[in-house]
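Data block for protein38.txt (compact mmCIF, C-alpha atoms):
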```
# COMPACT_ATOMS: atom_id res chain seq x y z
CA MET A 1 -42.01 -91.61 -37.91
CA ASN A 2 -42.33 -92.24 -34.19
CA GLY A 3 -39.06 -93.03 -32.49
CA SER A 4 -36.92 -91.96 -35.45
CA LEU A 5 -34.32 -89.23 -35.04
CA LEU A 6 -30.96 -88.13 -36.44
CA LEU A 7 -28.42 -86.39 -34.20
CA ARG A 8 -25.64 -84.69 -36.14
CA ASN A 9 -22.21 -83.41 -35.12
CA ALA A 10 -22.26 -84.98 -31.66
CA ARG A 11 -19.60 -86.12 -29.23
CA LEU A 12 -20.76 -89.67 -28.52
CA LEU A 13 -19.70 -90.98 -25.11
CA ASP A 14 -19.15 -94.71 -24.65
CA PRO A 15 -19.31 -95.31 -20.87
CA ALA A 16 -17.76 -98.78 -21.07
CA LYS A 17 -14.63 -97.49 -22.85
CA GLY A 18 -14.69 -94.01 -21.35
CA GLU A 19 -14.06 -92.57 -24.80
CA TYR A 20 -15.64 -90.03 -27.13
CA THR A 21 -16.14 -90.37 -30.85
CA GLU A 22 -17.28 -87.51 -33.03
CA GLY A 23 -20.07 -88.11 -35.49
CA ASP A 24 -23.79 -88.72 -35.93
CA LEU A 25 -26.28 -91.07 -34.31
CA ARG A 26 -29.42 -92.38 -36.00
CA CYS A 27 -32.48 -93.81 -34.24
CA GLU A 28 -35.31 -95.71 -35.88
CA ASP A 29 -38.41 -97.24 -34.30
CA GLY A 30 -37.11 -96.45 -30.84
CA ARG A 31 -33.71 -98.11 -31.26
CA ILE A 32 -30.21 -96.89 -32.11
CA VAL A 33 -29.47 -98.21 -35.61
CA GLU A 34 -26.09 -96.68 -36.47
CA THR A 35 -23.42 -94.21 -35.44
CA GLY A 36 -20.69 -92.67 -37.55
CA PRO A 37 -19.77 -89.68 -39.70
CA GLY A 38 -22.06 -88.22 -42.35
CA LEU A 39 -25.16 -90.34 -41.68
CA THR A 40 -28.30 -89.68 -43.68
CA ALA A 41 -31.95 -90.31 -42.95
CA GLY A 42 -35.27 -89.70 -44.64
CA ASP A 43 -37.97 -87.37 -43.42
CA VAL A 44 -37.18 -87.56 -39.71
CA ARG A 45 -36.43 -84.99 -37.05
CA THR A 46 -32.80 -83.92 -37.29
CA GLU A 47 -30.86 -82.07 -34.60
CA ASP A 48 -27.49 -80.44 -35.23
CA LEU A 49 -25.83 -80.70 -31.82
CA ARG A 50 -22.76 -78.64 -32.77
CA GLY A 51 -20.43 -80.68 -30.60
CA ALA A 52 -22.72 -81.33 -27.63
CA VAL A 53 -22.23 -84.55 -25.67
CA VAL A 54 -24.57 -87.52 -26.15
CA LEU A 55 -24.58 -90.21 -23.49
CA PRO A 56 -26.97 -93.05 -22.68
CA GLY A 57 -30.08 -92.22 -20.67
CA LEU A 58 -29.44 -92.45 -16.95
CA VAL A 59 -30.46 -95.35 -14.71
CA ASP A 60 -31.46 -95.03 -11.04
CA ALA A 61 -31.49 -98.51 -9.53
CA HIS A 62 -33.08 -97.63 -6.19
CA VAL A 63 -36.23 -95.54 -6.29
CA HIS A 64 -39.63 -95.64 -4.60
CA VAL A 65 -42.00 -94.05 -7.09
CA THR A 66 -45.03 -94.64 -4.84
CA ALA A 67 -43.45 -92.98 -1.80
CA SER A 68 -45.44 -89.74 -1.88
CA THR A 69 -44.38 -89.02 1.72
CA ALA A 70 -41.46 -89.88 4.00
CA ASP A 71 -43.99 -91.20 6.52
CA LEU A 72 -44.03 -94.64 4.93
CA GLY A 73 -46.30 -96.06 7.62
CA SER A 74 -49.11 -93.77 6.43
CA LEU A 75 -49.08 -95.08 2.84
CA PRO A 76 -51.42 -98.06 3.40
CA ALA A 77 -54.14 -95.61 4.43
CA SER A 78 -53.90 -93.79 1.08
CA SER A 79 -56.18 -94.55 -1.83
CA PRO A 80 -54.41 -96.57 -4.54
CA SER A 81 -55.70 -94.12 -7.17
CA TYR A 82 -54.26 -91.19 -5.21
CA VAL A 83 -50.89 -92.94 -4.91
CA ALA A 84 -50.92 -93.77 -8.63
CA ALA A 85 -51.49 -90.11 -9.50
CA HIS A 86 -48.58 -89.10 -7.29
CA SER A 87 -46.42 -91.82 -8.83
CA ALA A 88 -47.14 -90.65 -12.37
CA ARG A 89 -46.04 -87.12 -11.48
CA THR A 90 -42.94 -88.41 -9.69
CA MET A 91 -41.95 -90.50 -12.71
CA SER A 92 -42.54 -87.66 -15.14
CA ARG A 93 -40.12 -85.50 -13.17
CA MET A 94 -37.57 -88.32 -13.07
CA LEU A 95 -37.65 -88.41 -16.86
CA ASP A 96 -36.98 -84.67 -17.00
CA ARG A 97 -33.91 -85.31 -14.81
CA GLY A 98 -32.49 -87.61 -17.49
CA PHE A 99 -33.47 -90.95 -15.94
CA THR A 100 -34.91 -93.12 -18.70
CA THR A 101 -34.90 -96.38 -16.68
CA VAL A 102 -35.51 -96.84 -12.95
CA ARG A 103 -35.58 -99.89 -10.73
CA ASP A 104 -38.20 -99.62 -8.01
CA ALA A 105 -37.05 -101.06 -4.68
CA SER A 106 -40.58 -101.75 -3.36
CA GLY A 107 -43.99 -100.20 -3.77
CA ALA A 108 -44.48 -100.08 -7.54
CA ASP A 109 -46.38 -102.82 -9.32
CA TYR A 110 -47.27 -104.18 -12.74
CA GLY A 111 -50.03 -101.56 -13.14
CA LEU A 112 -47.61 -98.63 -13.08
CA ALA A 113 -45.11 -100.47 -15.28
CA ASP A 114 -47.77 -101.37 -17.83
CA ALA A 115 -49.24 -97.86 -17.84
CA GLN A 116 -45.83 -96.31 -18.50
CA ALA A 117 -45.02 -98.85 -21.23
CA GLU A 118 -48.36 -98.15 -22.94
CA GLY A 119 -47.78 -94.40 -22.85
CA LEU A 120 -50.61 -93.59 -20.44
CA PHE A 121 -48.22 -91.24 -18.67
CA ARG A 122 -44.66 -90.10 -19.31
CA GLY A 123 -41.86 -91.50 -17.23
CA PRO A 124 -38.84 -93.80 -17.25
CA ARG A 125 -39.03 -97.52 -18.00
CA LEU A 126 -40.01 -99.10 -14.68
CA LEU A 127 -38.55 -102.34 -13.32
CA PHE A 128 -40.59 -103.32 -10.26
CA CYS A 129 -40.44 -105.85 -7.44
CA GLY A 130 -43.90 -105.35 -5.96
CA ARG A 131 -43.72 -105.51 -2.18
CA ALA A 132 -40.51 -106.05 -0.26
CA LEU A 133 -40.46 -109.12 1.96
CA SER A 134 -40.03 -108.38 5.67
CA GLN A 135 -40.08 -110.38 8.85
CA THR A 136 -42.39 -109.36 11.68
CA GLY A 137 -40.77 -106.38 13.38
CA GLY A 138 -38.48 -105.88 10.41
CA HIS A 139 -37.80 -102.89 8.18
CA GLY A 140 -40.98 -103.53 6.20
CA ASP A 141 -43.19 -103.67 9.30
CA SER A 142 -44.64 -100.18 9.75
CA ARG A 143 -46.62 -100.96 12.91
CA THR A 144 -45.75 -99.12 16.08
CA ARG A 145 -45.20 -101.07 19.30
CA GLY A 146 -48.79 -100.56 20.38
CA ALA A 147 -50.29 -101.83 17.13
CA ASN A 148 -51.21 -105.44 16.58
CA ALA A 149 -53.29 -105.98 13.45
CA SER A 150 -51.41 -106.05 10.15
CA ASP A 151 -53.33 -105.34 6.95
CA ASP A 152 -51.47 -106.66 3.93
CA HIS A 153 -54.42 -106.19 1.59
CA PRO A 154 -52.85 -106.09 -1.89
CA CYS A 155 -55.04 -103.23 -3.13
CA CYS A 156 -53.60 -100.75 -0.66
CA ALA A 157 -50.41 -98.76 -1.08
CA GLY A 158 -47.34 -99.71 0.91
CA LEU A 159 -43.78 -100.86 0.48
CA GLY A 160 -43.61 -104.14 2.40
CA ARG A 161 -45.37 -107.42 3.11
CA LEU A 162 -44.81 -109.55 6.19
CA ALA A 163 -43.84 -113.20 5.85
CA ASP A 164 -42.31 -115.38 8.57
CA GLY A 165 -40.93 -118.87 8.14
CA VAL A 166 -39.53 -120.72 5.14
CA ASP A 167 -42.89 -121.77 3.71
CA ALA A 168 -44.34 -118.28 4.06
CA VAL A 169 -41.40 -116.50 2.43
CA ARG A 170 -41.42 -118.98 -0.44
CA ALA A 171 -45.10 -118.29 -1.01
CA ALA A 172 -44.58 -114.52 -0.79
CA ALA A 173 -41.67 -114.59 -3.25
CA ARG A 174 -43.64 -116.77 -5.64
CA ASP A 175 -46.59 -114.39 -5.40
CA GLU A 176 -44.50 -111.35 -6.33
CA LEU A 177 -42.92 -113.32 -9.19
CA ARG A 178 -46.39 -114.38 -10.33
CA LYS A 179 -47.27 -110.71 -10.70
CA GLY A 180 -44.23 -110.08 -12.89
CA ALA A 181 -41.54 -108.90 -10.48
CA HIS A 182 -38.21 -108.21 -12.18
CA HIS A 183 -36.42 -108.87 -8.88
CA ILE A 184 -37.30 -109.73 -5.28
CA LYS A 185 -36.55 -107.20 -2.55
CA VAL A 186 -35.91 -108.47 0.95
CA MET A 187 -35.28 -106.61 4.20
CA ALA A 188 -32.11 -108.21 5.59
CA SER A 189 -31.38 -105.64 8.31
CA GLY A 190 -32.98 -102.83 10.28
CA GLY A 191 -33.53 -99.43 8.73
CA VAL A 192 -34.17 -95.73 9.25
CA ALA A 193 -37.83 -95.46 8.27
CA SER A 194 -39.15 -98.37 10.35
CA PRO A 195 -40.41 -97.75 13.91
CA THR A 196 -39.44 -100.82 15.94
CA ASP A 197 -36.17 -102.29 14.64
CA ARG A 198 -32.54 -101.47 15.27
CA ILE A 199 -30.32 -100.52 12.35
CA ASP A 200 -27.68 -102.98 13.59
CA SER A 201 -30.06 -105.96 13.57
CA THR A 202 -29.97 -108.79 11.08
CA GLN A 203 -33.33 -109.86 9.73
CA TYR A 204 -34.57 -113.20 8.42
CA SER A 205 -32.89 -116.47 9.24
CA ALA A 206 -30.38 -118.02 6.89
CA ASP A 207 -32.94 -120.64 5.90
CA GLU A 208 -35.51 -117.96 5.05
CA LEU A 209 -33.07 -115.89 3.00
CA ARG A 210 -31.81 -119.00 1.22
CA ALA A 211 -35.37 -119.96 0.30
CA ILE A 212 -36.09 -116.51 -1.14
CA VAL A 213 -32.92 -116.64 -3.25
CA GLU A 214 -33.86 -120.12 -4.50
CA GLU A 215 -37.29 -118.92 -5.62
CA ALA A 216 -35.86 -115.89 -7.44
CA GLU A 217 -33.21 -117.98 -9.19
CA ALA A 218 -35.80 -120.58 -10.20
CA ALA A 219 -37.62 -117.80 -12.06
CA ASN A 220 -34.36 -116.44 -13.57
CA ARG A 221 -34.65 -113.39 -11.35
CA TYR A 222 -32.48 -112.20 -8.45
CA VAL A 223 -32.71 -110.83 -4.92
CA ALA A 224 -31.90 -107.28 -3.82
CA ALA A 225 -31.40 -106.93 -0.06
CA HIS A 226 -31.74 -103.89 2.15
CA ALA A 227 -28.74 -104.18 4.49
CA TYR A 228 -26.56 -101.73 6.42
CA THR A 229 -24.07 -103.48 8.69
CA ALA A 230 -21.23 -105.73 7.61
CA ARG A 231 -22.85 -108.59 9.52
CA ALA A 232 -26.10 -108.23 7.58
CA VAL A 233 -24.41 -107.57 4.23
CA ASN A 234 -21.95 -110.45 4.49
CA ARG A 235 -24.51 -113.10 5.40
CA ALA A 236 -26.78 -111.91 2.57
CA LEU A 237 -23.92 -112.18 0.06
CA GLU A 238 -22.96 -115.63 1.31
CA LEU A 239 -26.59 -116.75 0.89
CA GLY A 240 -26.74 -115.67 -2.77
CA VAL A 241 -28.18 -112.14 -2.74
CA ARG A 242 -27.07 -110.35 -5.93
CA SER A 243 -27.61 -106.71 -5.04
CA ILE A 244 -27.00 -105.01 -1.69
CA GLU A 245 -28.92 -101.79 -1.14
CA HIS A 246 -27.27 -99.08 1.01
CA GLY A 247 -24.39 -101.06 2.64
CA ASN A 248 -23.24 -98.06 4.68
CA LEU A 249 -21.40 -100.10 7.33
CA ILE A 250 -19.52 -102.68 5.21
CA ASP A 251 -16.05 -103.98 6.11
CA ASP A 252 -13.09 -105.46 4.23
CA LEU A 253 -14.65 -108.93 4.27
CA SER A 254 -17.71 -107.43 2.57
CA VAL A 255 -15.53 -106.25 -0.30
CA GLU A 256 -14.05 -109.75 -0.68
CA LEU A 257 -17.54 -111.28 -0.71
CA PHE A 258 -18.83 -108.83 -3.33
CA LEU A 259 -15.99 -109.85 -5.62
CA ARG A 260 -16.26 -113.58 -4.87
CA HIS A 261 -20.01 -113.69 -5.55
CA ASP A 262 -19.99 -111.22 -8.47
CA ALA A 263 -22.51 -109.07 -6.60
CA TYR A 264 -23.40 -105.38 -6.82
CA LEU A 265 -23.58 -102.57 -4.27
CA VAL A 266 -26.18 -99.81 -4.66
CA PRO A 267 -25.25 -96.97 -2.27
CA THR A 268 -27.93 -94.32 -1.69
CA LEU A 269 -26.03 -91.43 -0.14
CA VAL A 270 -28.35 -88.64 -1.23
CA THR A 271 -31.31 -89.92 0.75
CA TYR A 272 -29.48 -89.55 4.08
CA TRP A 273 -28.30 -86.09 3.10
CA ALA A 274 -31.88 -85.13 2.21
CA LEU A 275 -33.47 -86.81 5.24
CA LYS A 276 -31.12 -84.95 7.55
CA GLU A 277 -31.69 -81.62 5.81
CA GLU A 278 -35.46 -81.73 5.38
CA GLY A 279 -36.86 -85.16 6.21
CA ARG A 280 -39.10 -83.91 9.00
CA GLU A 281 -40.65 -81.34 6.68
CA HIS A 282 -41.75 -84.21 4.42
CA GLY A 283 -43.28 -86.43 7.09
CA LEU A 284 -40.32 -88.38 8.50
CA PRO A 285 -41.14 -89.17 12.14
CA ASP A 286 -38.70 -87.87 14.76
CA SER A 287 -37.84 -91.44 15.80
CA SER A 288 -36.61 -92.14 12.29
CA TRP A 289 -34.90 -88.75 11.87
CA ARG A 290 -32.75 -89.50 14.91
CA LYS A 291 -31.52 -92.70 13.21
CA VAL A 292 -30.13 -90.87 10.17
CA ASP A 293 -26.84 -89.89 11.81
CA GLU A 294 -26.01 -93.55 12.37
CA VAL A 295 -25.71 -94.14 8.62
CA LEU A 296 -25.01 -90.72 7.06
CA GLY A 297 -21.29 -90.33 7.74
CA ALA A 298 -20.56 -94.02 7.27
CA GLY A 299 -21.99 -94.00 3.75
CA MET A 300 -19.17 -91.99 2.20
CA ALA A 301 -16.55 -94.16 3.89
CA ALA A 302 -18.30 -97.31 2.64
CA LEU A 303 -18.39 -95.95 -0.91
CA ASP A 304 -14.66 -95.23 -0.74
CA ARG A 305 -13.90 -98.69 0.65
CA ALA A 306 -16.00 -100.40 -2.03
CA ALA A 307 -14.63 -98.29 -4.89
CA ARG A 308 -11.01 -98.90 -3.89
CA GLY A 309 -11.73 -102.60 -3.57
CA GLY A 310 -13.17 -102.92 -7.07
CA VAL A 311 -16.79 -103.62 -6.10
CA LYS A 312 -19.33 -103.12 -8.89
CA LEU A 313 -21.22 -99.96 -7.89
CA VAL A 314 -24.61 -98.89 -9.21
CA TYR A 315 -26.41 -95.54 -8.91
CA GLY A 316 -29.28 -95.30 -6.42
CA SER A 317 -31.11 -92.43 -4.72
CA ASP A 318 -33.86 -93.90 -2.45
CA LEU A 319 -35.56 -90.52 -2.02
CA LEU A 320 -39.03 -90.09 -0.54
CA GLY A 321 -41.85 -87.59 -0.92
CA GLY A 322 -40.86 -84.03 -1.75
CA MET A 323 -37.18 -84.97 -1.57
CA HIS A 324 -37.28 -86.73 -4.97
CA ARG A 325 -36.16 -83.43 -6.54
CA HIS A 326 -32.62 -84.08 -5.20
CA GLN A 327 -32.23 -87.24 -7.32
CA ASN A 328 -29.27 -85.92 -9.35
CA HIS A 329 -27.36 -84.66 -6.29
CA GLU A 330 -26.08 -88.22 -5.82
CA PHE A 331 -23.70 -87.51 -8.73
CA ARG A 332 -22.03 -84.73 -6.74
CA LEU A 333 -21.77 -86.82 -3.58
CA ARG A 334 -20.18 -89.74 -5.39
CA GLY A 335 -17.89 -87.40 -7.30
CA GLU A 336 -16.26 -86.51 -3.98
CA VAL A 337 -14.99 -90.10 -3.77
CA GLN A 338 -14.92 -91.62 -7.28
CA PRO A 339 -13.56 -90.56 -10.66
CA ALA A 340 -16.24 -89.09 -12.92
CA LEU A 341 -16.13 -92.02 -15.36
CA ASP A 342 -16.80 -94.54 -12.60
CA VAL A 343 -19.77 -92.52 -11.35
CA LEU A 344 -21.13 -92.31 -14.90
CA ARG A 345 -20.77 -96.07 -15.37
CA SER A 346 -22.72 -96.66 -12.17
CA ALA A 347 -25.70 -94.91 -13.80
CA THR A 348 -25.29 -96.47 -17.27
CA SER A 349 -23.32 -99.58 -18.25
CA THR A 350 -22.87 -101.15 -14.78
CA ALA A 351 -26.51 -100.47 -13.94
CA ALA A 352 -27.53 -102.22 -17.16
CA ASP A 353 -25.53 -105.27 -16.13
CA LEU A 354 -27.25 -105.44 -12.73
CA LEU A 355 -30.69 -105.07 -14.32
CA ASN A 356 -29.93 -107.86 -16.84
CA LEU A 357 -30.33 -105.32 -19.64
CA THR A 358 -26.76 -105.33 -20.96
CA GLY A 359 -26.77 -104.03 -24.54
CA GLU A 360 -30.35 -102.79 -24.16
CA ILE A 361 -29.72 -99.68 -22.04
CA GLY A 362 -26.65 -97.84 -20.73
CA THR A 363 -24.91 -97.88 -24.12
CA LEU A 364 -24.94 -96.07 -27.48
CA ALA A 365 -24.33 -99.32 -29.39
CA PRO A 366 -26.63 -100.15 -32.32
CA GLY A 367 -29.57 -102.23 -31.19
CA ALA A 368 -29.94 -100.52 -27.81
CA HIS A 369 -33.00 -98.55 -26.83
CA ALA A 370 -32.64 -94.98 -28.11
CA ASP A 371 -32.73 -93.53 -24.59
CA LEU A 372 -30.28 -90.65 -24.64
CA LEU A 373 -29.19 -87.57 -22.77
CA VAL A 374 -27.70 -84.51 -24.50
CA VAL A 375 -25.61 -82.09 -22.43
CA ASP A 376 -23.46 -79.13 -23.41
CA ARG A 377 -20.52 -79.79 -21.08
CA ASP A 378 -18.20 -82.75 -20.59
CA PRO A 379 -19.36 -84.96 -17.69
CA LEU A 380 -15.98 -86.71 -17.61
CA ALA A 381 -14.35 -83.40 -16.77
CA ASP A 382 -17.01 -82.55 -14.17
CA ILE A 383 -19.60 -85.13 -13.11
CA GLY A 384 -21.54 -82.22 -11.58
CA VAL A 385 -22.86 -81.60 -15.10
CA LEU A 386 -25.29 -84.48 -14.46
CA ALA A 387 -26.42 -82.90 -11.19
CA GLU A 388 -27.96 -79.93 -13.03
CA PRO A 389 -30.92 -81.32 -15.01
CA GLU A 390 -32.29 -77.85 -15.63
CA LYS A 391 -29.30 -77.33 -17.95
CA PHE A 392 -29.73 -80.55 -19.98
CA ARG A 393 -30.28 -79.82 -23.66
CA HIS A 394 -32.42 -82.85 -24.52
CA VAL A 395 -33.77 -85.97 -22.87
CA ILE A 396 -34.58 -88.58 -25.53
CA GLN A 397 -36.66 -91.67 -24.86
CA GLY A 398 -37.18 -94.34 -27.49
CA GLY A 399 -35.86 -91.99 -30.18
CA THR A 400 -38.31 -89.22 -29.29
CA VAL A 401 -37.26 -85.94 -27.68
CA VAL A 402 -39.31 -85.85 -24.47
CA SER A 403 -37.69 -82.93 -22.70
CA ASP A 404 -35.87 -79.86 -24.02
```
If you took the structure in this file and wrote it as structure tokens, what would it be?
Amino acid sequence: MNGSLLLRNARLLDPAKGEYTEGDLRCEDGRIVETGPGLTAGDVRTEDLRGAVVLPGLVDAHVHVTASTADLGSLPASSPSYVAAHSARTMSRMLDRGFTTVRDASGADYGLADAQAEGLFRGPRLLFCGRALSQTGGHGDSRTRGANASDDHPCCAGLGRLADGVDAVRAAARDELRKGAHHIKVMASGGVASPTDRIDSTQYSADELRAIVEEAEAANRYVAAHAYTARAVNRALELGVRSIEHGNLIDDLSVELFLRHDAYLVPTLVTYWALKEEGREHGLPDSSWRKVDEVLGAGMAALDRAARGGVKLVYGSDLLGGMHRHQNHEFRLRGEVQPALDVLRSATSTAADLLNLTGEIGTLAPGAHADLLVVDRDPLADIGVLAEPEKFRHVIQGGTVVSD
């Protein structure tokens, strides 16, 4: 039967409690139906794990599955069919790395999400936002200084759409929600991969950001904001943004605001490490490469500040082009600052809370999707276990073993 599986003699890891229980786990029709000792099942695939560790499938809450190159400004010139083919391969490899759910932070659309859900290609469950909203000259504006025309034709690949003014951002947010966006992404500060803005800039007026948040909340969705500096992060939090992406330059007030507004921080340390090491090989323009140092060192300090302050942290990678292969290295980087259990939660139970999928993913509780990862070593003793996907024993999606 599809999606039915019995795992015997496992060490079952509950990320929320940080505890192991020894026993069996049974999946049926793609869901976990029971855990405990001595379970039985009918004629279904049975795996004797002999004490291997079973944990929930991993979640990466900041990916760009359509980013086939680090030269993001070149994407709109690519054929949508070419980008889709690249995206399918990228997502397949993410699944092999143990990621059974990903949240796209701009670029992916309902077509990719529907195709994955219908089994047209293998890959993690895809939560998309469509295009990120950007002001003119903001992080989503890929035009160089000498360019004038902006082509936001919806058929073409690209990560951002330009909208200026309260009425325009409302319409843009409503349009992405109309197409099924799980969240709205907004560029609230400058960034590395954009040609004309400063990293220390704030972007969008308070009225514009407030309008975007109102539209998301009206649809029972939320806003994720790209923001680096404390000034940009803090104003976004005060205006109702739920999820801050990157946040490399936060301060103590930022920590207070995260707690006060019950918001989440999604650091993406590995992308700066990868951009510095090999970004230019994968198409990152020199002007952007020179910006990396401004945020690389600060990211680890920001993670430490947020972790010590009790901010809810979620796993994100933000890799581009050929650098996607480093997706699991984020576990090692975070392990330099956080206890292993906290890092694991960021990619399971806390990520599920951010994605409004509590009880559906990130847990081994009955009723959850049977998205599982089986490893031979204890990730609570060494989180680096999750940074070596080539050594994973099984990746299980919907109760079916999809990678051995």
### Task
For segment 270-274 of chain A, work out the shell of residues within 7 Å, counting only C-alpha atoms and skipping chain neighbours fewer than 4 positions away, then give it as a list in words.
Glu278, Gly279, Val292, Leu296, Ser317, Asp318, Leu319, Met323, His329 and Glu330 of chain A
Residues within 12 Å of (-27.6, -104.5, -17.6), file coordinates, counting only C-alpha atoms: what are they? Give the list as a PDB file with C-alpha atoms, in the frame of the given file.
```pdb
ATOM      1  CA  ALA A  16     -17.760 -98.780 -21.070  1.00  0.00           C
ATOM      2  CA  VAL A  59     -30.460 -95.350 -14.710  1.00  0.00           C
ATOM      3  CA  ALA A  61     -31.490 -98.510  -9.530  1.00  0.00           C
ATOM      4  CA  THR A 101     -34.900 -96.380 -16.680  1.00  0.00           C
ATOM      5  CA  VAL A 102     -35.510 -96.840 -12.950  1.00  0.00           C
ATOM      6  CA  ARG A 103     -35.580 -99.890 -10.730  1.00  0.00           C
ATOM      7  CA  LEU A 127     -38.550-102.340 -13.320  1.00  0.00           C
ATOM      8  CA  TYR A 264     -23.400-105.380  -6.820  1.00  0.00           C
ATOM      9  CA  VAL A 314     -24.610 -98.890  -9.210  1.00  0.00           C
ATOM     10  CA  ARG A 345     -20.770 -96.070 -15.370  1.00  0.00           C
ATOM     11  CA  SER A 346     -22.720 -96.660 -12.170  1.00  0.00           C
ATOM     12  CA  ALA A 347     -25.700 -94.910 -13.800  1.00  0.00           C
ATOM     13  CA  THR A 348     -25.290 -96.470 -17.270  1.00  0.00           C
ATOM     14  CA  SER A 349     -23.320 -99.580 -18.250  1.00  0.00           C
ATOM     15  CA  THR A 350     -22.870-101.150 -14.780  1.00  0.00           C
ATOM     16  CA  ALA A 351     -26.510-100.470 -13.940  1.00  0.00           C
ATOM     17  CA  ALA A 352     -27.530-102.220 -17.160  1.00  0.00           C
ATOM     18  CA  ASP A 353     -25.530-105.270 -16.130  1.00  0.00           C
ATOM     19  CA  LEU A 354     -27.250-105.440 -12.730  1.00  0.00           C
ATOM     20  CA  LEU A 355     -30.690-105.070 -14.320  1.00  0.00           C
ATOM     21  CA  ASN A 356     -29.930-107.860 -16.840  1.00  0.00           C
ATOM     22  CA  LEU A 357     -30.330-105.320 -19.640  1.00  0.00           C
ATOM     23  CA  THR A 358     -26.760-105.330 -20.960  1.00  0.00           C
ATOM     24  CA  GLY A 359     -26.770-104.030 -24.540  1.00  0.00           C
ATOM     25  CA  GLU A 360     -30.350-102.790 -24.160  1.00  0.00           C
ATOM     26  CA  ILE A 361     -29.720 -99.680 -22.040  1.00  0.00           C
ATOM     27  CA  GLY A 362     -26.650 -97.840 -20.730  1.00  0.00           C
ATOM     28  CA  THR A 363     -24.910 -97.880 -24.120  1.00  0.00           C
ATOM     29  CA  ALA A 368     -29.940-100.520 -27.810  1.00  0.00           C
TER      30      ALA A 368
END
```
### Query
Got a sec to check which residues sit within 10 Å of (-32.3, -119.1, 4.0), counting only C-alpha atoms, and write them as a list in words?
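Those residues, ordered by chain and then number, are Gly165, Val166, Val169, Tyr204, Ser205, Ala206, Asp207, Glu208, Leu209, Arg210, Ala211, Ile212, Val213, Glu214, Arg235, Ala236, Leu239 and Gly240 of chain A.
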### Query
At what distance in Å, to one decimal, does atom CA of Gly130 of chain A lie from atom CA of Asp109 of chain A?
4.9 Å
### Message
Need to verify the contact set: His394 of chain A, 7 Å, all atoms listed in the file, exclusion of same-chain residues closer than 2 positions in sequence. Can you return it as JSON, numbers by chain?
### Response
{"A": [373, 374, 392, 396, 401, 403, 404]}
Keeping only C-alpha atoms, write the selected residues as a PDB file, in the coordinates of the input.
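What landed in again_1.pdb:
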```pdb
ATOM      1  CA  LEU A 373     -29.190 -87.570 -22.770  1.00  0.00           C
ATOM      2  CA  VAL A 374     -27.700 -84.510 -24.500  1.00  0.00           C
ATOM      3  CA  PHE A 392     -29.730 -80.550 -19.980  1.00  0.00           C
ATOM      4  CA  ILE A 396     -34.580 -88.580 -25.530  1.00  0.00           C
ATOM      5  CA  VAL A 401     -37.260 -85.940 -27.680  1.00  0.00           C
ATOM      6  CA  SER A 403     -37.690 -82.930 -22.700  1.00  0.00           C
ATOM      7  CA  ASP A 404     -35.870 -79.860 -24.020  1.00  0.00           C
TER       8      ASP A 404
END
```
When you look at His261 of chain A with a cut-off of 8 Å (counting all atoms listed in the file), what residues show up, excluding the ones that are within fewer than 3 positions of it in the same chain? I need them as a PDB file with C-alpha atoms, in the frame of the given file.
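Final output, part_37.pdb:
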```
ATOM      1  CA  LEU A 237     -23.920-112.180   0.060  1.00  0.00           C
ATOM      2  CA  GLU A 238     -22.960-115.630   1.310  1.00  0.00           C
ATOM      3  CA  GLY A 240     -26.740-115.670  -2.770  1.00  0.00           C
ATOM      4  CA  ARG A 242     -27.070-110.350  -5.930  1.00  0.00           C
ATOM      5  CA  LEU A 257     -17.540-111.280  -0.710  1.00  0.00           C
ATOM      6  CA  PHE A 258     -18.830-108.830  -3.330  1.00  0.00           C
TER       7      PHE A 258
END
```
Spatial neighbours of Ser87 of chain A, max dist 10 Å, all atoms listed in the file, sep filter under 2 positions, as an mmCIF file with C-alpha atoms, keeping the file's coordinate frame:
```cif
data_model
loop_
_atom_site.group_PDB
_atom_site.id
_atom_site.type_symbol
_atom_site.label_atom_id
_atom_site.label_comp_id
_atom_site.auth_asym_id
_atom_site.auth_seq_id
_atom_site.Cartn_x
_atom_site.Cartn_y
_atom_site.Cartn_z
ATOM 1 C CA HIS A 64 -39.630 -95.640 -4.600
ATOM 2 C CA VAL A 65 -42.000 -94.050 -7.090
ATOM 3 C CA THR A 66 -45.030 -94.640 -4.840
ATOM 4 C CA ALA A 67 -43.450 -92.980 -1.800
ATOM 5 C CA SER A 68 -45.440 -89.740 -1.880
ATOM 6 C CA SER A 81 -55.700 -94.120 -7.170
ATOM 7 C CA TYR A 82 -54.260 -91.190 -5.210
ATOM 8 C CA VAL A 83 -50.890 -92.940 -4.910
ATOM 9 C CA ALA A 84 -50.920 -93.770 -8.630
ATOM 10 C CA ALA A 85 -51.490 -90.110 -9.500
ATOM 11 C CA ARG A 89 -46.040 -87.120 -11.480
ATOM 12 C CA THR A 90 -42.940 -88.410 -9.690
ATOM 13 C CA MET A 91 -41.950 -90.500 -12.710
ATOM 14 C CA SER A 92 -42.540 -87.660 -15.140
ATOM 15 C CA ARG A 93 -40.120 -85.500 -13.170
ATOM 16 C CA ALA A 108 -44.480 -100.080 -7.540
ATOM 17 C CA LEU A 112 -47.610 -98.630 -13.080
ATOM 18 C CA GLY A 123 -41.860 -91.500 -17.230
#
```
Selection: 8 Å around Phe128 of chain A, all atoms listed in the file, excl. self and same-chain fewer than 6 positions, as a CSV table (one decimal) with C-alpha atoms, in the frame of the given file:
```
chain,number,residue,atom,x,y,z
A,103,ARG,CA,-35.6,-99.9,-10.7
A,104,ASP,CA,-38.2,-99.6,-8.0
A,105,ALA,CA,-37.0,-101.1,-4.7
A,106,SER,CA,-40.6,-101.8,-3.4
A,107,GLY,CA,-44.0,-100.2,-3.8
A,108,ALA,CA,-44.5,-100.1,-7.5
A,109,ASP,CA,-46.4,-102.8,-9.3
A,110,TYR,CA,-47.3,-104.2,-12.7
A,113,ALA,CA,-45.1,-100.5,-15.3
A,181,ALA,CA,-41.5,-108.9,-10.5
A,182,HIS,CA,-38.2,-108.2,-12.2
A,183,HIS,CA,-36.4,-108.9,-8.9
```
